[in-house]
file coords-v4.pdb (PDB, C-alpha atoms, pLDDT in the B column)
ATOM      1  CA  MET V   1      -9.082  -2.532 -27.589  1.00 69.00           C
ATOM      2  CA  THR V   2     -10.198  -2.685 -23.962  1.00 87.00           C
ATOM      3  CA  THR V   3      -7.836  -1.074 -21.470  1.00 93.00           C
ATOM      4  CA  ARG V   4      -7.368  -3.312 -18.439  1.00 98.00           C
ATOM      5  CA  LEU V   5      -5.801  -1.750 -15.365  1.00 98.00           C
ATOM      6  CA  ALA V   6      -4.362  -3.511 -12.319  1.00 98.00           C
ATOM      7  CA  ILE V   7      -3.730  -1.137  -9.412  1.00 98.00           C
ATOM      8  CA  PHE V   8      -1.424  -2.470  -6.704  1.00 98.00           C
ATOM      9  CA  ASP V   9      -0.953  -1.414  -3.134  1.00 98.00           C
ATOM     10  CA  CYS V  10       2.759  -1.191  -2.335  1.00 97.00           C
ATOM     11  CA  ASP V  11       3.774  -2.166   1.196  1.00 95.00           C
ATOM     12  CA  GLY V  12       2.490  -5.630   2.033  1.00 96.00           C
ATOM     13  CA  THR V  13       1.557  -6.325  -1.584  1.00 98.00           C
ATOM     14  CA  LEU V  14       4.570  -5.490  -3.770  1.00 98.00           C
ATOM     15  CA  ILE V  15       7.141  -5.227  -0.967  1.00 97.00           C
ATOM     16  CA  ASP V  16       7.620  -6.331   2.639  1.00 95.00           C
ATOM     17  CA  GLY V  17       8.554  -3.297   4.694  1.00 92.00           C
ATOM     18  CA  GLN V  18       6.980  -4.239   8.004  1.00 91.00           C
ATOM     19  CA  ALA V  19      10.234  -4.390  10.000  1.00 91.00           C
ATOM     20  CA  SER V  20      11.270  -0.893   8.938  1.00 92.00           C
ATOM     21  CA  ILE V  21       7.772   0.499   9.534  1.00 93.00           C
ATOM     22  CA  CYS V  22       7.584  -0.921  13.051  1.00 94.00           C
ATOM     23  CA  GLU V  23      11.083   0.300  13.922  1.00 95.00           C
ATOM     24  CA  ALA V  24      10.371   3.820  12.632  1.00 94.00           C
ATOM     25  CA  MET V  25       7.106   3.977  14.566  1.00 96.00           C
ATOM     26  CA  GLU V  26       8.835   2.845  17.749  1.00 96.00           C
ATOM     27  CA  GLU V  27      11.469   5.548  17.287  1.00 96.00           C
ATOM     28  CA  ALA V  28       8.760   8.142  16.686  1.00 96.00           C
ATOM     29  CA  PHE V  29       6.923   7.264  19.894  1.00 97.00           C
ATOM     30  CA  ALA V  30      10.169   7.200  21.872  1.00 96.00           C
ATOM     31  CA  ALA V  31      11.040  10.673  20.562  1.00 96.00           C
ATOM     32  CA  GLN V  32       7.783  11.925  22.117  1.00 95.00           C
ATOM     33  CA  SER V  33       8.392  10.017  25.376  1.00 96.00           C
ATOM     34  CA  LEU V  34       5.450   7.723  24.679  1.00 96.00           C
ATOM     35  CA  ALA V  35       5.283   3.971  25.166  1.00 95.00           C
ATOM     36  CA  PRO V  36       5.575   2.307  21.750  1.00 94.00           C
ATOM     37  CA  PRO V  37       2.480   0.606  20.355  1.00 95.00           C
ATOM     38  CA  GLU V  38       2.480  -3.143  19.965  1.00 95.00           C
ATOM     39  CA  ARG V  39       3.860  -4.179  16.606  1.00 94.00           C
ATOM     40  CA  ASN V  40       0.658  -6.013  15.796  1.00 92.00           C
ATOM     41  CA  HIS V  41      -1.231  -2.748  16.224  1.00 95.00           C
ATOM     42  CA  VAL V  42       1.240  -0.985  13.922  1.00 95.00           C
ATOM     43  CA  ARG V  43       0.776  -3.656  11.267  1.00 91.00           C
ATOM     44  CA  ARG V  44      -2.988  -3.204  11.410  1.00 91.00           C
ATOM     45  CA  VAL V  45      -2.755   0.462  10.361  1.00 94.00           C
ATOM     46  CA  VAL V  46      -0.296   0.000   7.501  1.00 92.00           C
ATOM     47  CA  GLY V  47      -1.984   1.277   4.357  1.00 89.00           C
ATOM     48  CA  LEU V  48      -3.575   4.302   5.967  1.00 91.00           C
ATOM     49  CA  SER V  49      -2.003   7.700   5.452  1.00 92.00           C
ATOM     50  CA  LEU V  50       0.471   8.509   8.214  1.00 93.00           C
ATOM     51  CA  PRO V  51      -1.641  11.101  10.106  1.00 94.00           C
ATOM     52  CA  VAL V  52      -4.620   8.731  10.188  1.00 95.00           C
ATOM     53  CA  ALA V  53      -2.426   5.806  11.275  1.00 94.00           C
ATOM     54  CA  VAL V  54      -0.882   7.842  14.096  1.00 96.00           C
ATOM     55  CA  LEU V  55      -4.326   8.947  15.273  1.00 96.00           C
ATOM     56  CA  ARG V  56      -5.403   5.313  15.531  1.00 96.00           C
ATOM     57  CA  LEU V  57      -2.246   4.334  17.431  1.00 97.00           C
ATOM     58  CA  ALA V  58      -2.450   7.233  19.887  1.00 96.00           C
ATOM     59  CA  PRO V  59      -6.151   8.171  19.994  1.00 95.00           C
ATOM     60  CA  ASN V  60      -5.909   9.977  23.342  1.00 93.00           C
ATOM     61  CA  ALA V  61      -2.919  12.160  22.507  1.00 94.00           C
ATOM     62  CA  GLU V  62      -3.258  15.871  21.834  1.00 95.00           C
ATOM     63  CA  PRO V  63      -3.260  17.084  18.204  1.00 95.00           C
ATOM     64  CA  GLU V  64       0.203  18.601  18.594  1.00 96.00           C
ATOM     65  CA  ILE V  65       1.531  15.217  19.720  1.00 97.00           C
ATOM     66  CA  HIS V  66      -0.001  13.604  16.631  1.00 97.00           C
ATOM     67  CA  ASP V  67       1.768  16.171  14.468  1.00 97.00           C
ATOM     68  CA  ALA V  68       5.046  15.543  16.282  1.00 97.00           C
ATOM     69  CA  LEU V  69       4.676  11.776  15.875  1.00 97.00           C
ATOM     70  CA  VAL V  70       4.176  12.197  12.132  1.00 96.00           C
ATOM     71  CA  GLU V  71       7.322  14.304  11.811  1.00 96.00           C
ATOM     72  CA  SER V  72       9.327  11.964  14.055  1.00 97.00           C
ATOM     73  CA  TYR V  73       8.259   8.978  12.004  1.00 95.00           C
ATOM     74  CA  LYS V  74       9.273  10.683   8.767  1.00 94.00           C
ATOM     75  CA  LEU V  75      12.663  11.574  10.253  1.00 95.00           C
ATOM     76  CA  ALA V  76      13.222   8.017  11.500  1.00 94.00           C
ATOM     77  CA  PHE V  77      12.345   6.607   8.095  1.00 90.00           C
ATOM     78  CA  ARG V  78      14.576   9.072   6.209  1.00 91.00           C
ATOM     79  CA  THR V  79      17.446   8.351   8.577  1.00 94.00           C
ATOM     80  CA  ALA V  80      17.080   4.607   8.099  1.00 92.00           C
ATOM     81  CA  ARG V  81      17.095   5.116   4.329  1.00 88.00           C
ATOM     82  CA  SER V  82      20.177   7.355   4.360  1.00 91.00           C
ATOM     83  CA  GLU V  83      22.052   4.943   6.632  1.00 93.00           C
ATOM     84  CA  GLY V  84      21.195   1.937   4.486  1.00 89.00           C
ATOM     85  CA  ARG V  85      19.083   0.307   7.191  1.00 90.00           C
ATOM     86  CA  LEU V  86      15.786   0.429   5.308  1.00 88.00           C
ATOM     87  CA  SER V  87      14.455  -3.024   4.448  1.00 91.00           C
ATOM     88  CA  GLN V  88      11.846  -3.154   1.652  1.00 94.00           C
ATOM     89  CA  PRO V  89      12.424  -6.355  -0.331  1.00 96.00           C
ATOM     90  CA  LEU V  90      10.115  -7.292  -3.174  1.00 97.00           C
ATOM     91  CA  ILE V  91       7.683 -10.066  -2.343  1.00 98.00           C
ATOM     92  CA  PRO V  92       9.163 -13.209  -3.957  1.00 98.00           C
ATOM     93  CA  GLY V  93       7.326 -13.865  -7.210  1.00 98.00           C
ATOM     94  CA  ILE V  94       5.730 -10.418  -7.491  1.00 98.00           C
ATOM     95  CA  LEU V  95       8.005  -9.322 -10.344  1.00 98.00           C
ATOM     96  CA  GLU V  96       6.746 -12.259 -12.380  1.00 98.00           C
ATOM     97  CA  VAL V  97       3.165 -11.134 -11.705  1.00 98.00           C
ATOM     98  CA  LEU V  98       3.903  -7.660 -13.075  1.00 98.00           C
ATOM     99  CA  GLU V  99       5.678  -9.029 -16.138  1.00 98.00           C
ATOM    100  CA  SER V 100       2.932 -11.555 -16.866  1.00 98.00           C
ATOM    101  CA  LEU V 101       0.217  -8.920 -16.705  1.00 98.00           C
ATOM    102  CA  GLN V 102       2.204  -6.546 -18.904  1.00 98.00           C
ATOM    103  CA  GLY V 103       2.771  -9.328 -21.376  1.00 97.00           C
ATOM    104  CA  ALA V 104      -0.976  -9.892 -21.516  1.00 97.00           C
ATOM    105  CA  GLY V 105      -1.604  -6.232 -22.289  1.00 97.00           C
ATOM    106  CA  TRP V 106      -2.565  -4.955 -18.850  1.00 98.00           C
ATOM    107  CA  LEU V 107      -1.632  -1.469 -17.667  1.00 98.00           C
ATOM    108  CA  LEU V 108      -0.294  -1.267 -14.113  1.00 98.00           C
ATOM    109  CA  GLY V 109      -0.602   1.317 -11.369  1.00 98.00           C
ATOM    110  CA  VAL V 110       0.136   1.855  -7.689  1.00 98.00           C
ATOM    111  CA  ALA V 111      -2.131   3.325  -4.995  1.00 98.00           C
ATOM    112  CA  THR V 112      -0.368   3.560  -1.647  1.00 97.00           C
ATOM    113  CA  GLY V 113      -0.380   5.306   1.686  1.00 94.00           C
ATOM    114  CA  MET V 114       3.326   6.004   1.193  1.00 93.00           C
ATOM    115  CA  SER V 115       4.648   9.448   0.281  1.00 92.00           C
ATOM    116  CA  ASP V 116       5.758  10.428  -3.219  1.00 95.00           C
ATOM    117  CA  ARG V 117       9.362  10.352  -2.069  1.00 92.00           C
ATOM    118  CA  GLY V 118       9.034   6.990  -0.374  1.00 92.00           C
ATOM    119  CA  LEU V 119       7.320   5.323  -3.316  1.00 96.00           C
ATOM    120  CA  THR V 120       9.741   6.815  -5.838  1.00 96.00           C
ATOM    121  CA  HIS V 121      12.724   5.513  -3.877  1.00 93.00           C
ATOM    122  CA  CYS V 122      11.145   2.107  -3.327  1.00 95.00           C
ATOM    123  CA  LEU V 123      10.262   1.452  -6.965  1.00 97.00           C
ATOM    124  CA  ALA V 124      13.564   2.819  -8.249  1.00 96.00           C
ATOM    125  CA  SER V 125      15.561   0.650  -5.857  1.00 95.00           C
ATOM    126  CA  HIS V 126      13.960  -2.419  -7.459  1.00 97.00           C
ATOM    127  CA  GLY V 127      14.150  -1.097 -11.021  1.00 97.00           C
ATOM    128  CA  ILE V 128      10.400  -1.344 -11.602  1.00 98.00           C
ATOM    129  CA  THR V 129       9.339   2.312 -11.878  1.00 98.00           C
ATOM    130  CA  ASP V 130       8.734   2.132 -15.627  1.00 97.00           C
ATOM    131  CA  LYS V 131       6.279  -0.744 -15.247  1.00 98.00           C
ATOM    132  CA  PHE V 132       3.597   1.608 -13.915  1.00 98.00           C
ATOM    133  CA  VAL V 133       1.558   4.161 -15.858  1.00 98.00           C
ATOM    134  CA  THR V 134       0.075   5.808 -12.766  1.00 98.00           C
ATOM    135  CA  LEU V 135       1.422   6.306  -9.242  1.00 98.00           C
ATOM    136  CA  GLN V 136      -0.910   7.580  -6.530  1.00 98.00           C
ATOM    137  CA  THR V 137       0.267   8.342  -2.984  1.00 97.00           C
ATOM    138  CA  ALA V 138      -0.928   9.864   0.264  1.00 94.00           C
ATOM    139  CA  ASP V 139       0.698  13.173  -0.682  1.00 95.00           C
ATOM    140  CA  GLY V 140      -2.049  13.960  -3.180  1.00 94.00           C
ATOM    141  CA  HIS V 141      -5.093  12.202  -1.780  1.00 97.00           C
ATOM    142  CA  PRO V 142      -7.193  11.520   1.325  1.00 96.00           C
ATOM    143  CA  SER V 143      -6.354   8.328   3.168  1.00 96.00           C
ATOM    144  CA  LYS V 144      -7.690   4.983   2.025  1.00 97.00           C
ATOM    145  CA  PRO V 145     -10.488   3.874   1.831  1.00 97.00           C
ATOM    146  CA  ASP V 146     -11.431   7.134   0.124  1.00 98.00           C
ATOM    147  CA  PRO V 147     -11.694   6.344  -3.635  1.00 98.00           C
ATOM    148  CA  SER V 148      -9.628   9.351  -4.751  1.00 98.00           C
ATOM    149  CA  MET V 149      -6.462   7.408  -5.589  1.00 98.00           C
ATOM    150  CA  VAL V 150      -8.346   4.836  -7.654  1.00 98.00           C
ATOM    151  CA  ASN V 151     -10.369   7.471  -9.461  1.00 98.00           C
ATOM    152  CA  THR V 152      -7.215   9.342 -10.469  1.00 98.00           C
ATOM    153  CA  ALA V 153      -5.508   6.123 -11.552  1.00 98.00           C
ATOM    154  CA  LEU V 154      -8.484   5.295 -13.782  1.00 98.00           C
ATOM    155  CA  PHE V 155      -8.276   8.760 -15.333  1.00 98.00           C
ATOM    156  CA  ASP V 156      -4.520   8.515 -15.909  1.00 97.00           C
ATOM    157  CA  ALA V 157      -4.843   5.135 -17.609  1.00 97.00           C
ATOM    158  CA  ALA V 158      -8.020   6.049 -19.537  1.00 97.00           C
ATOM    159  CA  ALA V 159      -9.577   2.886 -18.087  1.00 97.00           C
ATOM    160  CA  ASP V 160     -13.183   2.156 -17.175  1.00 97.00           C
ATOM    161  CA  ALA V 161     -14.009   1.030 -13.644  1.00 97.00           C
ATOM    162  CA  GLY V 162     -15.440  -2.201 -15.023  1.00 97.00           C
ATOM    163  CA  ASN V 163     -12.059  -3.156 -16.463  1.00 97.00           C
ATOM    164  CA  ALA V 164      -9.948  -2.349 -13.412  1.00 98.00           C
ATOM    165  CA  VAL V 165      -8.946  -4.165 -10.235  1.00 98.00           C
ATOM    166  CA  MET V 166      -7.389  -3.067  -6.971  1.00 98.00           C
ATOM    167  CA  ILE V 167      -4.963  -5.575  -5.482  1.00 98.00           C
ATOM    168  CA  GLY V 168      -3.992  -5.231  -1.853  1.00 98.00           C
ATOM    169  CA  ASP V 169      -3.302  -6.843   1.482  1.00 97.00           C
ATOM    170  CA  THR V 170      -5.507  -4.714   3.764  1.00 97.00           C
ATOM    171  CA  VAL V 171      -9.185  -4.051   4.221  1.00 97.00           C
ATOM    172  CA  PHE V 172      -8.437  -0.402   3.376  1.00 97.00           C
ATOM    173  CA  ASP V 173      -7.459  -1.463  -0.147  1.00 98.00           C
ATOM    174  CA  ILE V 174     -10.565  -3.588  -0.605  1.00 98.00           C
ATOM    175  CA  GLU V 175     -12.882  -0.926   0.809  1.00 98.00           C
ATOM    176  CA  MET V 176     -11.260   1.690  -1.442  1.00 98.00           C
ATOM    177  CA  ALA V 177     -11.932  -0.543  -4.436  1.00 98.00           C
ATOM    178  CA  GLY V 178     -15.580  -0.884  -3.460  1.00 98.00           C
ATOM    179  CA  ASN V 179     -15.919   2.856  -2.921  1.00 98.00           C
ATOM    180  CA  ALA V 180     -14.527   3.440  -6.414  1.00 98.00           C
ATOM    181  CA  GLY V 181     -16.736   0.811  -8.023  1.00 98.00           C
ATOM    182  CA  ILE V 182     -13.961  -1.547  -9.085  1.00 98.00           C
ATOM    183  CA  ARG V 183     -13.144  -5.133  -8.157  1.00 98.00           C
ATOM    184  CA  GLY V 184     -11.047  -5.739  -5.056  1.00 98.00           C
ATOM    185  CA  ILE V 185      -8.639  -8.666  -4.907  1.00 98.00           C
ATOM    186  CA  GLY V 186      -6.778  -9.542  -1.721  1.00 98.00           C
ATOM    187  CA  VAL V 187      -3.386 -11.130  -1.166  1.00 98.00           C
ATOM    188  CA  ASP V 188      -2.494 -13.420   1.717  1.00 97.00           C
ATOM    189  CA  TRP V 189       1.093 -12.263   2.323  1.00 97.00           C
ATOM    190  CA  GLY V 190       0.541  -8.864   3.895  1.00 95.00           C
ATOM    191  CA  TYR V 191      -0.941  -7.272   6.996  1.00 93.00           C
ATOM    192  CA  HIS V 192      -4.588  -8.394   7.191  1.00 95.00           C
ATOM    193  CA  THR V 193      -6.057 -11.875   7.211  1.00 96.00           C
ATOM    194  CA  PRO V 194      -7.928 -13.473   4.307  1.00 97.00           C
ATOM    195  CA  GLN V 195     -11.040 -13.496   6.485  1.00 98.00           C
ATOM    196  CA  ASP V 196     -10.721  -9.744   6.999  1.00 97.00           C
ATOM    197  CA  LEU V 197     -10.279  -9.172   3.278  1.00 98.00           C
ATOM    198  CA  VAL V 198     -13.283 -11.275   2.295  1.00 98.00           C
ATOM    199  CA  ALA V 199     -15.427  -9.566   4.922  1.00 98.00           C
ATOM    200  CA  ALA V 200     -14.388  -6.218   3.435  1.00 98.00           C
ATOM    201  CA  GLY V 201     -15.600  -7.327   0.012  1.00 98.00           C
ATOM    202  CA  ALA V 202     -12.669  -9.023  -1.709  1.00 98.00           C
ATOM    203  CA  GLU V 203     -13.914 -11.236  -4.533  1.00 98.00           C
ATOM    204  CA  PHE V 204     -10.817 -13.439  -4.227  1.00 98.00           C
ATOM    205  CA  VAL V 205      -7.749 -13.729  -1.992  1.00 98.00           C
ATOM    206  CA  ALA V 206      -4.588 -15.079  -3.619  1.00 98.00           C
ATOM    207  CA  GLU V 207      -2.396 -17.285  -1.469  1.00 98.00           C
ATOM    208  CA  THR V 208       0.657 -16.837  -3.710  1.00 98.00           C
ATOM    209  CA  PRO V 209       1.781 -14.451  -6.451  1.00 98.00           C
ATOM    210  CA  ALA V 210       1.479 -17.278  -8.970  1.00 98.00           C
ATOM    211  CA  GLN V 211      -2.138 -17.810  -7.935  1.00 98.00           C
ATOM    212  CA  LEU V 212      -2.772 -14.081  -8.345  1.00 98.00           C
ATOM    213  CA  THR V 213      -1.469 -14.204 -11.903  1.00 98.00           C
ATOM    214  CA  GLU V 214      -3.550 -17.270 -12.713  1.00 98.00           C
ATOM    215  CA  TYR V 215      -6.706 -15.632 -11.373  1.00 98.00           C
ATOM    216  CA  LEU V 216      -6.223 -12.360 -13.218  1.00 97.00           C
ATOM    217  CA  LEU V 217      -5.392 -13.991 -16.546  1.00 97.00           C
ATOM    218  CA  ALA V 218      -8.115 -16.637 -16.374  1.00 92.00           C
TER     219      ALA V 218
END

call {"tool": "encode", "arguments": {"input": "coords-v4.pdb", "output": "structure tokens"}}
result
Amino acid sequence: MTTRLAIFDCDGTLIDGQASICEAMEEAFAAQSLAPPERNHVRRVVGLSLPVAVLRLAPNAEPEIHDALVESYKLAFRTARSEGRLSQPLIPGILEVLESLQGAGWLLGVATGMSDRGLTHCLASHGITDKFVTLQTADGHPSKPDPSMVNTALFDAAADAGNAVMIGDTVFDIEMAGNAGIRGIGVDWGYHTPQDLVAAGAEFVAETPAQLTEYLLA
């Protein structure tokens, strides 16, 4: 029996955490006495690993400032989580996508720029951890679009590249899919535009979770 694997990005694809991300980044920049980046600029780097994202947001800062921004961001995010201020709701309809694919025999995975701790908390808070056979984060891999996360997910699931897809909302997801030799499918409810996703190589961009399910099961 052919093993089919659907690898999902997390933030912007499974969940909507943009408010918490922007707030944590603003706190991080304030802690270093820097003017906060525009929220649109923050949204454009979601999906990259944190050090790479910070470098893009503050390209002229010294390396020690980049390191401090990373640590300040992590602290802001942990504090928001511990105080119950973290907002990471599931995208409406995404649970049905996961259940439909599982019901059709697909294996599921996650490849995200989040940390192990962040992803573990996020999935557990929604009760969906056990739906995934492989979880890949920035803690163990280079930043997207390096193919490392996808390659490890394929190994974990014993799946061939020809029977796997990467589903995400940013060009980093689609480029990572291409670099790993698997299909890239975009979603139109995250951080980058459909035009961006198609230009990056997405074979299809779903406008709704229901449309994503229909496309994958067709």

call {"tool": "resolve_selection", "arguments": {"input": "coords-v4.pdb", "expression": "the PyMOL selection byres ((chain V and resi 153) around 12)", "output": "number ranges by chain"}}
result
V: 4-8, 107-112, 132-137, 140-141, 147-152, 154-161, 164-166, 177, 180, 182

call {"tool": "residues_around", "arguments": {"input": "coords-v4.pdb", "residues": "segment 37-39 of chain V", "least_positions_apart": "2", "cutoff": "10 Å", "atoms": "only C-alpha atoms", "output": "PyMOL selection string"}}
result
chain V and resi 18-19+21-23+25-26+29+34-35+41-44+57-58

call {"tool": "atom_distance", "arguments": {"input": "coords-v4.pdb", "atom1": "atom CA of Asp16 of chain V", "atom2": "atom CA of Gly47 of chain V"}}
result
12.4 Å

call {"tool": "resolve_selection", "arguments": {"input": "coords-v4.pdb", "expression": "the PyMOL selection byres ((chain V and resi 187) around 7)", "output": "list in words"}}
result
Thr13, Gly168, Asp169, Ile185, Gly186, Asp188, Trp189, Gly190, Val205, Ala206 and Glu207 of chain V

call {"tool": "closest_residue", "arguments": {"input": "coords-v4.pdb", "among": "V:Tyr191, V:Phe77, V:Trp106, V:Tyr215", "to": "Asp11 of chain V", "atoms": "all atoms listed in the file"}}
result
V:Tyr191

call {"tool": "resolve_selection", "arguments": {"input": "coords-v4.pdb", "expression": "the PyMOL selection byres ((chain V and resi 178) around 10)", "output": "MDAnalysis selection string"}}
result
chainID V and resid 145:147 166 172:177 179:184 200:202

call {"tool": "atom_distance", "arguments": {"input": "coords-v4.pdb", "atom1": "atom CA of Leu216 of chain V", "atom2": "atom CA of Leu98 of chain V"}}
result
11.2 Å

call {"tool": "closest_atom_pairs", "arguments": {"input": "coords-v4.pdb", "of": "segment 101-198 of chain V", "to": "segment 51-56 of chain V", "cutoff": "12 Å", "atoms": "all atoms listed in the file", "output": "CSV"}}
result
residue,atom,partner,partner_atom,distance
V:Gly113,CA,V:Ala53,CA,9.8
V:Met114,CA,V:Pro51,CA,11.4
V:Ser115,CA,V:Pro51,CA,11.8
V:Ala138,CA,V:Pro51,CA,9.9
V:Asp139,CA,V:Pro51,CA,11.2
V:Pro142,CA,V:Val52,CA,9.6
V:Ser143,CA,V:Val52,CA,7.2
V:Lys144,CA,V:Val52,CA,9.5
V:Pro145,CA,V:Val52,CA,11.3
V:Phe172,CA,V:Ala53,CA,11.7

call {"tool": "atom_distance", "arguments": {"input": "coords-v4.pdb", "atom1": "atom CA of Ala68 of chain V", "atom2": "atom CA of Gln32 of chain V"}}
result
7.4 Å

call {"tool": "closest_residue", "arguments": {"input": "coords-v4.pdb", "among": "V:Pro36, V:Val45, V:Ala24, V:Leu86", "to": "Val70 of chain V", "atoms": "all atoms listed in the file"}}
result
V:Ala24

call {"tool": "closest_residue", "arguments": {"input": "coords-v4.pdb", "among": "V:Phe204, V:Asn40, V:Arg78, V:Leu217", "to": "His192 of chain V", "atoms": "all atoms listed in the file"}}
result
V:Asn40

call {"tool": "residues_around", "arguments": {"input": "coords-v4.pdb", "residues": "Val97 of chain V", "least_positions_apart": "5", "cutoff": "8 Å", "atoms": "all atoms listed in the file", "output": "list in words"}}
result
Pro209, Ala210, Leu212 and Thr213 of chain V

call {"tool": "closest_residue", "arguments": {"input": "coords-v4.pdb", "among": "V:Glu27, V:Ser125, V:Leu90, V:Arg117", "to": "Leu14 of chain V", "atoms": "only C-alpha atoms"}}
result
V:Leu90

call {"tool": "closest_residue", "arguments": {"input": "coords-v4.pdb", "among": "V:Glu64, V:Thr3, V:Ser20, V:Glu203", "to": "Gly84 of chain V", "atoms": "only C-alpha atoms"}}
result
V:Ser20

call {"tool": "closest_residue", "arguments": {"input": "coords-v4.pdb", "among": "V:Ala80, V:Gln211, V:Leu95, V:Tyr73", "to": "Gly127 of chain V", "atoms": "only C-alpha atoms"}}
result
V:Leu95
